[in-house]
Amino acid sequence: LAQSVVDAGGLEPMVQCLNEFDPTVKEAAAFALGQIAKHNEPLARSVVEARAVDSLLLCLQEPELVLKRVASQALCHICKHTEQLAQPVAENGLDYICSYINYTDTAIKRNVINLLTNICKHSNELATLVISKMSHPQKLLNCLKDEDEIVRLNSAMCISEIVNKSPELAKEICSAGAPQVLTQYISNSKGDSRLYGILIMAYIASYSEDSAMLMINAGALTVLNDAMDNDISQVKCACCFAMNHIGRHSPAHANEVAHTGALEKMVFFLMDPN
């Protein structure tokens, strides 16, 4: 059905509606474009080729909250498919997008952080661009303490995409205080939220002895050991993954892991038929 709208020439008038004076018209057009772009890469590319990106970025700067929400959601749908589709959004809009990371409206904050995730996930270059435009990675880390559970989850997903790209990006996140924030976050989370926090720890610890020791000194092994006892199987698997990356660097690192009692639990998991 979305393809039929595109084939009928519906994109051009929708993009024109993004420039109307009436904000409700803009909202409807932005929502429709997002619903088309979300399905697959060819449809999202059609939306980009119709020159919707610049107008959606302008809508994001309008004062109406609902318009900001639907515009950020539409951009999120566009960026999720490929690096080529995320590129124009990143190049032209990151200054505005990053300014909404700590916005007061929860729905906008959710969408913007998810949008950043969908930009970062494609390449080291885009993740680096996001960090450079953010100026202070601490803003993203602070979202791990947000009152809203989805904001916290989206933030953890975004950070995991960033630190997974390169040791340089992981170092920037660590320099902003990530080890201590992550330890607290994992301690206070459950399920998927905790899972992504543990993956961030694992990715950071994997790069070097020093980065792994930063995690140890922040109390990572204690919270990982607790999560191995008190969460779903996917989280327990992630804990083993993180313990591996922390302990593999040297005998001293391995000794720290062994002293937590985690090795006995890993053996139990290995022998468990379930």
# chains A, B, ... in the order shown; residues from 1 in each chain; ligands from 1
>>> closest_atom_pairs(of="stretch 73-185 of chain A", to="stretch 52-56 of chain A", cutoff="9 Å", atoms="only C-alpha atoms", output="tab-separated table")
residue	atom	partner	partner_atom	distance
A:Ala74	CA	A:Leu56	CA	7.8
A:Leu75	CA	A:Leu56	CA	7.2
A:Ile78	CA	A:Val53	CA	8.8
A:Pro88	CA	A:Val53	CA	7.5
A:Val89	CA	A:Val53	CA	6.6
A:Asn92	CA	A:Asp54	CA	7.6
A:Gly93	CA	A:Asp54	CA	8.1
>>> write_last_selection(atoms="C-alpha atoms", output="mmCIF file, in the first residue's frame")
data_model
loop_
_atom_site.group_PDB
_atom_site.id
_atom_site.type_symbol
_atom_site.label_atom_id
_atom_site.label_comp_id
_atom_site.auth_asym_id
_atom_site.auth_seq_id
_atom_site.Cartn_x
_atom_site.Cartn_y
_atom_site.Cartn_z
ATOM 1 C CA ALA A 74 10.021 9.956 10.621
ATOM 2 C CA LEU A 75 13.756 10.703 10.553
ATOM 3 C CA ILE A 78 14.552 6.841 7.380
ATOM 4 C CA PRO A 88 22.150 13.247 4.843
ATOM 5 C CA VAL A 89 20.344 13.352 8.184
ATOM 6 C CA ASN A 92 22.576 18.320 7.929
ATOM 7 C CA GLY A 93 20.795 17.784 11.204
#
>>> closest_atom_pairs(of="stretch 130-225 of chain A", to="stretch 240-251 of chain A", cutoff="10 Å", atoms="only C-alpha atoms", output="JSON lines")
{"residue": "A:Ile198", "atom": "CA", "partner": "A:Ala242", "partner_atom": "CA", "distance": 6.7}
{"residue": "A:Leu199", "atom": "CA", "partner": "A:Ala242", "partner_atom": "CA", "distance": 6.9}
{"residue": "A:Ile200", "atom": "CA", "partner": "A:Ala242", "partner_atom": "CA", "distance": 8.8}
{"residue": "A:Met201", "atom": "CA", "partner": "A:Ala242", "partner_atom": "CA", "distance": 6.5}
{"residue": "A:Ala202", "atom": "CA", "partner": "A:Ala242", "partner_atom": "CA", "distance": 4.2}
{"residue": "A:Tyr203", "atom": "CA", "partner": "A:His245", "partner_atom": "CA", "distance": 7.8}
{"residue": "A:Ile204", "atom": "CA", "partner": "A:His245", "partner_atom": "CA", "distance": 8.7}
{"residue": "A:Ala205", "atom": "CA", "partner": "A:Ile246", "partner_atom": "CA", "distance": 5.4}
{"residue": "A:Ser206", "atom": "CA", "partner": "A:His245", "partner_atom": "CA", "distance": 4.8}
{"residue": "A:Tyr207", "atom": "CA", "partner": "A:His245", "partner_atom": "CA", "distance": 8.4}
{"residue": "A:Ser208", "atom": "CA", "partner": "A:His249", "partner_atom": "CA", "distance": 7.2}
{"residue": "A:Glu209", "atom": "CA", "partner": "A:His249", "partner_atom": "CA", "distance": 5.6}
{"residue": "A:Asp210", "atom": "CA", "partner": "A:His249", "partner_atom": "CA", "distance": 9.3}
{"residue": "A:Ser211", "atom": "CA", "partner": "A:Ile246", "partner_atom": "CA", "distance": 8.6}
{"residue": "A:Ala212", "atom": "CA", "partner": "A:Ile246", "partner_atom": "CA", "distance": 5.1}
{"residue": "A:Met213", "atom": "CA", "partner": "A:Ile246", "partner_atom": "CA", "distance": 7.6}
{"residue": "A:Leu214", "atom": "CA", "partner": "A:Ile246", "partner_atom": "CA", "distance": 9.7}
{"residue": "A:Met215", "atom": "CA", "partner": "A:Ile246", "partner_atom": "CA", "distance": 7.8}
{"residue": "A:Ile216", "atom": "CA", "partner": "A:Ile246", "partner_atom": "CA", "distance": 7.8}
{"residue": "A:Ala220", "atom": "CA", "partner": "A:Met243", "partner_atom": "CA", "distance": 9.3}
{"residue": "A:Leu221", "atom": "CA", "partner": "A:Met243", "partner_atom": "CA", "distance": 7.6}
{"residue": "A:Leu224", "atom": "CA", "partner": "A:Met243", "partner_atom": "CA", "distance": 7.8}
{"residue": "A:Asn225", "atom": "CA", "partner": "A:Met243", "partner_atom": "CA", "distance": 9.1}
>>> residues_around(residues="A:Cys174", least_positions_apart="2", cutoff="10 Å", atoms="only C-alpha atoms", output="list in words")
Pro137, Gln138, Leu141, Val163, Glu168, Leu169, Ala170, Lys171, Glu172, Ala176, Gly177, Ala178, Pro179, Gln180, Val181, Leu182, Ile204, Ser211, Leu214 and Met215 of chain A
>>> closest_residue(among="A:Leu126, A:Ile150, A:Ile101, A:Ile131", to="A:Gln87", atoms="only C-alpha atoms")
A:Leu126
>>> residues_around(residues="A:His81", least_positions_apart="4", cutoff="9 Å", atoms="only C-alpha atoms", output="VMD selection string")
chain A and resid 38 40 to 41 44 77 85 to 86 118 122
>>> write_last_selection(atoms="C-alpha atoms", output="PDB file, in the first residue's frame")
ATOM      1  CA  LYS A  38       9.603   2.600   7.921  1.00  0.00           C
ATOM      2  CA  ASN A  40      12.014  -0.943   3.735  1.00  0.00           C
ATOM      3  CA  GLU A  41      15.083   0.678   2.195  1.00  0.00           C
ATOM      4  CA  ALA A  44      12.838   5.184   2.598  1.00  0.00           C
ATOM      5  CA  HIS A  77      12.479   5.454  10.254  1.00  0.00           C
ATOM      6  CA  LEU A  85      20.066   7.063   4.014  1.00  0.00           C
ATOM      7  CA  ALA A  86      21.392   8.080   7.423  1.00  0.00           C
ATOM      8  CA  ASN A 118      19.959   4.425  13.978  1.00  0.00           C
ATOM      9  CA  HIS A 122      25.914   1.937  10.432  1.00  0.00           C
TER      10      HIS A 122
END
>>> closest_residue(among="A:Glu256, A:Gln3, A:Ile232, A:Ala238", to="A:Gly219", atoms="only C-alpha atoms")
A:Glu256
>>> decode(residues="stretch 112-165 of chain A", atoms="C-alpha atoms", output="PDB file, in the first residue's frame")
ATOM      1  CA  VAL A 112      15.855  11.507  19.338  1.00  0.00           C
ATOM      2  CA  ILE A 113      17.998   8.966  21.168  1.00  0.00           C
ATOM      3  CA  ASN A 114      16.587   6.197  18.988  1.00  0.00           C
ATOM      4  CA  LEU A 115      17.380   8.343  15.946  1.00  0.00           C
ATOM      5  CA  LEU A 116      20.984   8.722  17.112  1.00  0.00           C
ATOM      6  CA  THR A 117      21.172   4.941  17.536  1.00  0.00           C
ATOM      7  CA  ASN A 118      19.959   4.425  13.978  1.00  0.00           C
ATOM      8  CA  ILE A 119      22.648   6.804  12.729  1.00  0.00           C
ATOM      9  CA  CYS A 120      25.499   5.395  14.831  1.00  0.00           C
ATOM     10  CA  LYS A 121      24.864   1.754  14.066  1.00  0.00           C
ATOM     11  CA  HIS A 122      25.914   1.937  10.432  1.00  0.00           C
ATOM     12  CA  SER A 123      29.601   2.893  10.661  1.00  0.00           C
ATOM     13  CA  ASN A 124      32.472   4.191  12.747  1.00  0.00           C
ATOM     14  CA  GLU A 125      32.417   7.407  10.716  1.00  0.00           C
ATOM     15  CA  LEU A 126      28.806   8.189  11.584  1.00  0.00           C
ATOM     16  CA  ALA A 127      29.267   7.251  15.238  1.00  0.00           C
ATOM     17  CA  THR A 128      32.306   9.543  15.402  1.00  0.00           C
ATOM     18  CA  LEU A 129      30.297  12.350  13.824  1.00  0.00           C
ATOM     19  CA  VAL A 130      27.553  11.903  16.417  1.00  0.00           C
ATOM     20  CA  ILE A 131      30.029  12.093  19.303  1.00  0.00           C
ATOM     21  CA  SER A 132      31.716  15.174  17.838  1.00  0.00           C
ATOM     22  CA  LYS A 133      28.379  16.969  17.434  1.00  0.00           C
ATOM     23  CA  MET A 134      27.245  15.945  20.902  1.00  0.00           C
ATOM     24  CA  SER A 135      30.219  17.862  22.383  1.00  0.00           C
ATOM     25  CA  HIS A 136      29.609  16.330  25.830  1.00  0.00           C
ATOM     26  CA  PRO A 137      28.986  12.540  25.881  1.00  0.00           C
ATOM     27  CA  GLN A 138      27.990  13.015  29.522  1.00  0.00           C
ATOM     28  CA  LYS A 139      24.585  14.191  28.210  1.00  0.00           C
ATOM     29  CA  LEU A 140      23.922  10.735  26.795  1.00  0.00           C
ATOM     30  CA  LEU A 141      25.239   8.976  29.900  1.00  0.00           C
ATOM     31  CA  ASN A 142      22.903  11.090  32.025  1.00  0.00           C
ATOM     32  CA  CYS A 143      19.985   9.600  30.111  1.00  0.00           C
ATOM     33  CA  LEU A 144      20.840   6.234  31.707  1.00  0.00           C
ATOM     34  CA  LYS A 145      19.550   7.852  34.924  1.00  0.00           C
ATOM     35  CA  ASP A 146      16.329   9.155  33.356  1.00  0.00           C
ATOM     36  CA  GLU A 147      13.005   8.482  35.068  1.00  0.00           C
ATOM     37  CA  ASP A 148      11.575   6.946  31.896  1.00  0.00           C
ATOM     38  CA  GLU A 149      12.460   3.291  31.307  1.00  0.00           C
ATOM     39  CA  ILE A 150      12.341   3.565  27.505  1.00  0.00           C
ATOM     40  CA  VAL A 151      14.653   6.583  27.534  1.00  0.00           C
ATOM     41  CA  ARG A 152      17.103   4.556  29.636  1.00  0.00           C
ATOM     42  CA  LEU A 153      16.852   1.551  27.313  1.00  0.00           C
ATOM     43  CA  ASN A 154      17.258   3.655  24.155  1.00  0.00           C
ATOM     44  CA  SER A 155      20.267   5.386  25.700  1.00  0.00           C
ATOM     45  CA  ALA A 156      21.926   2.075  26.527  1.00  0.00           C
ATOM     46  CA  MET A 157      21.318   0.852  22.971  1.00  0.00           C
ATOM     47  CA  CYS A 158      22.806   4.043  21.553  1.00  0.00           C
ATOM     48  CA  ILE A 159      25.916   3.909  23.741  1.00  0.00           C
ATOM     49  CA  SER A 160      26.439   0.236  22.878  1.00  0.00           C
ATOM     50  CA  GLU A 161      26.417   1.103  19.177  1.00  0.00           C
ATOM     51  CA  ILE A 162      28.963   3.862  19.762  1.00  0.00           C
ATOM     52  CA  VAL A 163      31.481   1.963  21.900  1.00  0.00           C
ATOM     53  CA  ASN A 164      31.269  -1.075  19.639  1.00  0.00           C
ATOM     54  CA  LYS A 165      32.726   0.897  16.735  1.00  0.00           C
TER      55      LYS A 165
END
